[in-house]
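Below is one structure, written out as structure tokens; comments come after it.
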Amino acid sequence: MTGESEFQVLANVTPQENKKFGNVMIIGLGMIGGSFAKALKDRGLATLYGVDRREGELALGVSTGVIDYPAELSQEYVSKMDVIVLATPVRAMESVLADLKPLLQEKTLVTDVGSTKGSVVESVRRVFGFVPANFIPGHPIAGAEKSGVLASNPQLFEKHMAIVTPLPDSDPLLLDRLHRIWRAVGADVVSMDVDHHDHVLASSSHLPHLLAFTLVDALASGERSQDIFKFAAGGFRDFTRIASSDPVMWRDVFMANKDATLATLDHFTDRLADMRAAIEQGDGASMFGVFTRAKSARDHFLRLLELRTIGSAKEVRPVSVSVLPASTIKGKISLLGDKSLSHKVITIAALSVGVSEIKNIDLTGDVRITMQAFRDMGVVIEEASADCVRIHGVGLYGLKAPIAPINVHESRESLYLLLPVLAGQSFSVTVVAEGKLLNQSMSDLFSLLRQMGGSVVSELADCLPVTLSPNDSLNVNVDVELKTGSGNLLMAAFLSAIYSPDEGRVKPMLPGLSHCEVLLQRFGQNMTKHGDSFNFSPGSLVGTDIVLSGDEYEAVWLVLLASLLPGSDLMIENAGLDSVSFDFLSFLKSIGANVVIPPLAESGLYEGVLQAGFAELSSFVLSAGQAYQFRDELPLLCVVAAYAKGDSRVEGVGDLPYYYEDRVLALVDALDSMKISCTYEHGDLLIKGGFPQGGELDCAGDDRLALAMLGLGARSKSITKVNDCQKLLEEFNELESVALQLGFHCSVAQ
Ligand SMILES: NC(=O)c1ccc[n+]([C@@H]2O[C@H](COP(=O)([O-])OP(=O)(O)OC[C@H]3O[C@@H](n4cnc5c(N)ncnc54)[C@H](O)[C@@H]3O)[C@@H](O)[C@H]2O)c1
Ligand SMILES: O=C(O)C(=O)CC1(C(=O)O)C=CC(O)C=C1
């Protein structure tokens with residue numbers, strides 16, 4: 001549509017060319033009005049008319065190319081406008097509206113950019129007696145401490161938000177035009193209710209301005225003011241930049257948004273009083289709590305902001321990883337802790353009494369969601385370094401009600417850990433999610449929570465968002481027999497059993513010891529094994545220091561590479577293997593792999609150095625039971641089969657949950673394209689070993705598939721490129737450095 005006019009060409013007032021948004025009049029040609037005008041004019045989207053009570057501004061507007069023509073509030077101009085934007089200070093808008101009223105046409109979209117919305121709507125009502133359908137309020141969330149037309153910046157709105165606050169009677173076509181015009185100058189448009197807007201902005205914008213103005217004024221009029229300003233450095237400058245903003249505009253804002261500003265000011269004053277008390281009483285712990293929470297909240301906010309401003313382009317950029325054949329891997333490494341373990345240890349440490357220091361923790365990606373949720377509920381988490389945190393646990397029942405719903409975004413891991421913990425607290429809380437976690441039934445998890453006795457209410461049957469509330473019968477013992485081998489559900493069941501008043505019981509579906517039990521025991525959880533079940537007795541978790549072992553799946557993948565590549569000699573120094581990994585590596589040994597598994601430690605895990613070297617592997621038959629046990633490792637087993645001598649067979653793939661079968665099907669395609677004979681019939685998989693060709697493969701964004709495909713290319717006849725590896729690099733972000741250390745030739749390209 002760019003370049004075509006959506007509106008009629010107007011006589012007299014209209015210049016030569018047609019423009020997409022026709023004739024636009026800005027009333028109040030200052031910094032915001034001027035920026036908006038110039039943004040449209042520079043893009044050739046409209047013919048711009050300016051009105052201002054200061055003629056000088058209009059002359060400057062024309063001479064600096066901000067507007068095309070000066071104008072006035074007369075029939076001649078107003079009747080021919082397609083869009084009119086009110087950009088004066090908010091309290092001046094009422095008189096402008098009164099002047100406009102007799103001149104206005106219904107077809108003209110009238111909007112404003114005022115920082116408050118309730119007061120503007122009230123002004124419209126006072127002038128017109130109602131809010132006309134063509135008046136739709138707006139507010140760009142972008143600005144500066146400058147004012148006047150000379151401060152116009154045509155890029156001001158790019159990658160910023162523009163809030164529109166339509167009313168029930170707003171004309172939908174004009175609302176659509178308002179959205180388009182803001183998008184055209186680079187803004188992201190969001191709709192909001194007027195009252196909500198005023199409360200949110202009172203906190204995010206109005207209160208900070210009030211504090212900055214007041215601070216500067218208080219210091220300037222206080223003792224030693226000369227020296228205070230003389231020696232003020234970055235901190236003072238950063239905090240007070242906005243005290244240079246226009247006094248008229250801000251006087252109007254505070255007069256117009258009185259109630260919401262007072263509410264947020266009262267909340268802030270209470271918190272400031274708490275801080276004063278903490279300083280007076282030398283209460284370092286309270287100060288430390290506020291400061292760490294504030295720092296993490298601001299860091300989190302900056303990351304979100306960065307994502308808004310630069311992230312979108314980066315996010316969609318596909319990443320591929322290529323592997324050169326016939327390399328070898330040699331050397332000693334330590335791997336960063338497992339992500340899933342990192343989520344779990346944060347949860348357990350937060351619920352423990354005392355401080356825990358967790359080293360070798362992976363703090364990237366979704367782990368931050370779990371961390372933020374606990375911080376929102378009062379847990380102090382210090383980030384001592386990029387892979388070390390100190391968590392000041394608050395005990396099983398010590399969390400504080402969060403002020404807003406807990407958002408787990410798209411993290412299933414965070415959800416399964418947080419919900420049972422929240423269901424054990426004495427406050428109500430709502431948990432929301434995003435993207436793929438919405439519209440998915442969570443009945444397995446919700447039925448666990450219901451066993452705990454509180455109420456579990458979701459709008460859509462067993463889907464998120466969900467509200468958990470305690471009730472009188474909260475003291476219920478959890479007794480659950482799991483029907484799936486899901487690690488997330490197992491941990492959720494353990495956590496819910498911990499909140500049992502007398503004794504909780506969980507019977508996992510699979511025998512063997514997992515990291516969940518080991519971690520809980522490390523933190524002093526009172527649990528005993530009876531047959532295949534774990535019984536949990538009441539007690540407290542106790543903070544402890546832990547060094548997390550390296551990611552198991554990455555360790556097993558590296559063992560596979562070493563097994564496939566002649567001349568390899570690999571040593572992983574910080575392995576910590578549970579019984580499934582132990583069984584898997586034992587299985588590899590049984591088909592000829594040259595692996596030394598670390599010994600069984602007191603913890604129940606196989607801890608220490610894991611070694612592997614090259615060996616020719618033989619073909620194998622995997623029963624349906626083994627296929628279920630090794631369901632996570634199946635993609636790696638397909639790679640083993642592709643290189644093994646002879647025919648391998650995996651039974652019962654068709655009986656696995658669909659996502660495991662899907663991974664195998666994706667590998668069947670990959671094997672096919674790499675000229676390895678492979679058939680999948682009646683749920684069983686047959687693979688004839690050989691030497692795969694190289695090629696271009698697609699892992700469909702699945703990190704485990706990506707690793708398997710890179711394994712497939714490790715010794716293939718030519719280069720193998722695996723596409724869609726963004727998730728892989730998120731989960732295994734030290735892939736390139738590990739490969740470099742071990743001499744494995746793989747490279748990442750965007
Ligand atoms: N400054 C910001 O960062 C920012 C950000 C978003 C929204 N806003 C809102 O935008 C509006 C304009 O702010 P600004 O920063 O551009 O201020 P500004 O002082 O730069 O511009 C306001 C202009 O309005 C003119 N004006 C005042 N009364 C008038 C009247 N009765 N008739 C015609 N013109 C009149 C002034 O002469 C001035 O040129 C305000 O409502 C403000 O709340 C400001
Ligand atoms: O960046 C600044 O200087 C601003 O003050 C911009 C700011 C804000 O507080 O964020 C100011 C007022 C608004 O209505 C919208 C944006």
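Ligands are numbered from 1 in the order shown, chains are lettered A, B, ... in the order of the structure tokens, and residues start at 1 in each chain.
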
Quick one: residues within 8 Å of ligand 1, with only C-alpha atoms and all ligand atoms, as a count of residues only?
47

Please provide as a PyMOL selection string all residues within 6 Å of Ser648 (chain A), with the sequence filter that same-chain residues fewer than 2 positions apart are discarded (counting only C-alpha atoms).
chain A and resi 619-621+641+686-687

Counting only C-alpha atoms, the residue of A:Ala555, A:Val408, A:Ala39, A:Ala384 that sits nearest Met371 (chain A):
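Closest candidate: A:Val408.
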
Would you please work out which residue, of A:Met491, A:Leu201, A:Ala256, A:Val476, is nearest to ligand 2 when using only C-alpha atoms and all ligand atoms?
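Among the listed residues, the smallest separation from ligand 2 belongs to A:Leu201.
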
Skipping near chain neighbours, those fewer than 5 positions away, what residues fall within 10 Å of Phe254 (chain A) using only C-alpha atoms, listed as a list in words?
Ser115, Thr116, Ala202, His206, Leu207, His209, Leu210, Met249, Asp259, Ala260, Thr261 and Leu262 of chain A

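The residue that comes closest to Asp655 (chain A), out of A:Ala233, A:Val668, A:Leu490, A:Leu685 and on the basis of only C-alpha atoms, is A:Leu685.
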
With a distance cut-off of 10 Å and only C-alpha atoms, select the neighbouring residues of region 71-79 of chain A, excluding the residue or stretch itself and same-chain residues fewer than 6 positions from it, and output the selection as a PDB file with N, CA and C atoms, in the first residue's frame.
```pdb
ATOM      1  N   LEU A  10      -7.624  16.373  -1.354  1.00  0.00           N
ATOM      2  CA  LEU A  10      -8.417  17.520  -0.937  1.00  0.00           C
ATOM      3  C   LEU A  10      -8.067  18.752  -1.754  1.00  0.00           C
ATOM      4  N   ASN A  12      -7.704  22.872  -2.469  1.00  0.00           N
ATOM      5  CA  ASN A  12      -7.095  24.037  -1.816  1.00  0.00           C
ATOM      6  C   ASN A  12      -5.897  23.710  -0.924  1.00  0.00           C
ATOM      7  N   VAL A  13      -6.240  23.089   0.204  1.00  0.00           N
ATOM      8  CA  VAL A  13      -5.229  22.834   1.211  1.00  0.00           C
ATOM      9  C   VAL A  13      -4.246  21.783   0.728  1.00  0.00           C
ATOM     10  N   THR A  14      -4.717  20.905  -0.146  1.00  0.00           N
ATOM     11  CA  THR A  14      -3.910  19.753  -0.526  1.00  0.00           C
ATOM     12  C   THR A  14      -2.815  20.106  -1.527  1.00  0.00           C
ATOM     13  N   ASN A  23      -3.878  14.303   4.744  1.00  0.00           N
ATOM     14  CA  ASN A  23      -3.502  15.546   5.429  1.00  0.00           C
ATOM     15  C   ASN A  23      -3.528  15.307   6.933  1.00  0.00           C
ATOM     16  N   VAL A  24      -2.414  15.587   7.572  1.00  0.00           N
ATOM     17  CA  VAL A  24      -2.334  15.381   9.023  1.00  0.00           C
ATOM     18  C   VAL A  24      -2.030  16.715   9.689  1.00  0.00           C
ATOM     19  N   MET A  25      -2.841  17.064  10.672  1.00  0.00           N
ATOM     20  CA  MET A  25      -2.609  18.320  11.405  1.00  0.00           C
ATOM     21  C   MET A  25      -2.106  18.004  12.809  1.00  0.00           C
ATOM     22  N   ILE A  26      -1.014  18.659  13.185  1.00  0.00           N
ATOM     23  CA  ILE A  26      -0.477  18.498  14.546  1.00  0.00           C
ATOM     24  C   ILE A  26      -0.795  19.779  15.301  1.00  0.00           C
ATOM     25  N   ILE A  27      -1.522  19.647  16.407  1.00  0.00           N
ATOM     26  CA  ILE A  27      -1.802  20.843  17.220  1.00  0.00           C
ATOM     27  C   ILE A  27      -0.898  20.777  18.452  1.00  0.00           C
ATOM     28  N   LEU A  48       1.910  17.512   6.053  1.00  0.00           N
ATOM     29  CA  LEU A  48       1.842  17.910   7.444  1.00  0.00           C
ATOM     30  C   LEU A  48       1.521  19.387   7.638  1.00  0.00           C
ATOM     31  N   TYR A  49       0.531  19.635   8.506  1.00  0.00           N
ATOM     32  CA  TYR A  49       0.127  20.994   8.884  1.00  0.00           C
ATOM     33  C   TYR A  49       0.377  21.152  10.377  1.00  0.00           C
ATOM     34  N   GLY A  50       0.909  22.290  10.774  1.00  0.00           N
ATOM     35  CA  GLY A  50       1.170  22.529  12.191  1.00  0.00           C
ATOM     36  C   GLY A  50       0.362  23.684  12.731  1.00  0.00           C
ATOM     37  N   VAL A  51      -0.102  23.511  13.980  1.00  0.00           N
ATOM     38  CA  VAL A  51      -0.791  24.600  14.676  1.00  0.00           C
ATOM     39  C   VAL A  51      -0.112  24.726  16.033  1.00  0.00           C
ATOM     40  N   ASP A  52       0.219  25.928  16.441  1.00  0.00           N
ATOM     41  CA  ASP A  52       0.810  26.115  17.768  1.00  0.00           C
ATOM     42  C   ASP A  52       0.476  27.520  18.216  1.00  0.00           C
ATOM     43  N   ARG A  53       0.351  27.653  19.538  1.00  0.00           N
ATOM     44  CA  ARG A  53       0.043  29.017  19.985  1.00  0.00           C
ATOM     45  C   ARG A  53       1.277  29.906  19.855  1.00  0.00           C
ATOM     46  N   LEU A  58       6.059  27.365  14.659  1.00  0.00           N
ATOM     47  CA  LEU A  58       5.571  26.989  13.325  1.00  0.00           C
ATOM     48  C   LEU A  58       6.586  27.383  12.263  1.00  0.00           C
ATOM     49  N   VAL A  96      -8.395  23.388  23.232  1.00  0.00           N
ATOM     50  CA  VAL A  96      -8.199  23.061  21.812  1.00  0.00           C
ATOM     51  C   VAL A  96      -9.420  22.302  21.284  1.00  0.00           C
ATOM     52  N   ASP A  99     -12.247  24.573  20.618  1.00  0.00           N
ATOM     53  CA  ASP A  99     -12.081  25.304  19.353  1.00  0.00           C
ATOM     54  C   ASP A  99     -12.374  24.399  18.147  1.00  0.00           C
ATOM     55  N   LEU A 100     -12.037  23.123  18.301  1.00  0.00           N
ATOM     56  CA  LEU A 100     -12.215  22.188  17.173  1.00  0.00           C
ATOM     57  C   LEU A 100     -13.672  21.794  16.956  1.00  0.00           C
ATOM     58  N   PRO A 102     -16.754  22.924  16.649  1.00  0.00           N
ATOM     59  CA  PRO A 102     -17.668  23.353  15.565  1.00  0.00           C
ATOM     60  C   PRO A 102     -17.112  23.078  14.167  1.00  0.00           C
ATOM     61  N   LEU A 103     -15.826  22.741  14.087  1.00  0.00           N
ATOM     62  CA  LEU A 103     -15.192  22.622  12.767  1.00  0.00           C
ATOM     63  C   LEU A 103     -15.026  21.177  12.309  1.00  0.00           C
ATOM     64  N   LEU A 104     -15.195  20.260  13.254  1.00  0.00           N
ATOM     65  CA  LEU A 104     -14.781  18.872  13.015  1.00  0.00           C
ATOM     66  C   LEU A 104     -15.717  18.068  12.114  1.00  0.00           C
ATOM     67  N   GLN A 105     -15.125  17.225  11.246  1.00  0.00           N
ATOM     68  CA  GLN A 105     -15.906  16.316  10.401  1.00  0.00           C
ATOM     69  C   GLN A 105     -15.830  14.912  11.009  1.00  0.00           C
ATOM     70  N   GLU A 106     -16.878  14.117  10.813  1.00  0.00           N
ATOM     71  CA  GLU A 106     -16.898  12.767  11.385  1.00  0.00           C
ATOM     72  C   GLU A 106     -15.830  11.857  10.804  1.00  0.00           C
ATOM     73  N   LYS A 107     -15.465  12.128   9.543  1.00  0.00           N
ATOM     74  CA  LYS A 107     -14.506  11.251   8.861  1.00  0.00           C
ATOM     75  C   LYS A 107     -13.065  11.443   9.391  1.00  0.00           C
ATOM     76  N   THR A 108     -12.864  12.541  10.125  1.00  0.00           N
ATOM     77  CA  THR A 108     -11.493  12.848  10.568  1.00  0.00           C
ATOM     78  C   THR A 108     -11.152  12.084  11.841  1.00  0.00           C
TER      79      THR A 108
END
```
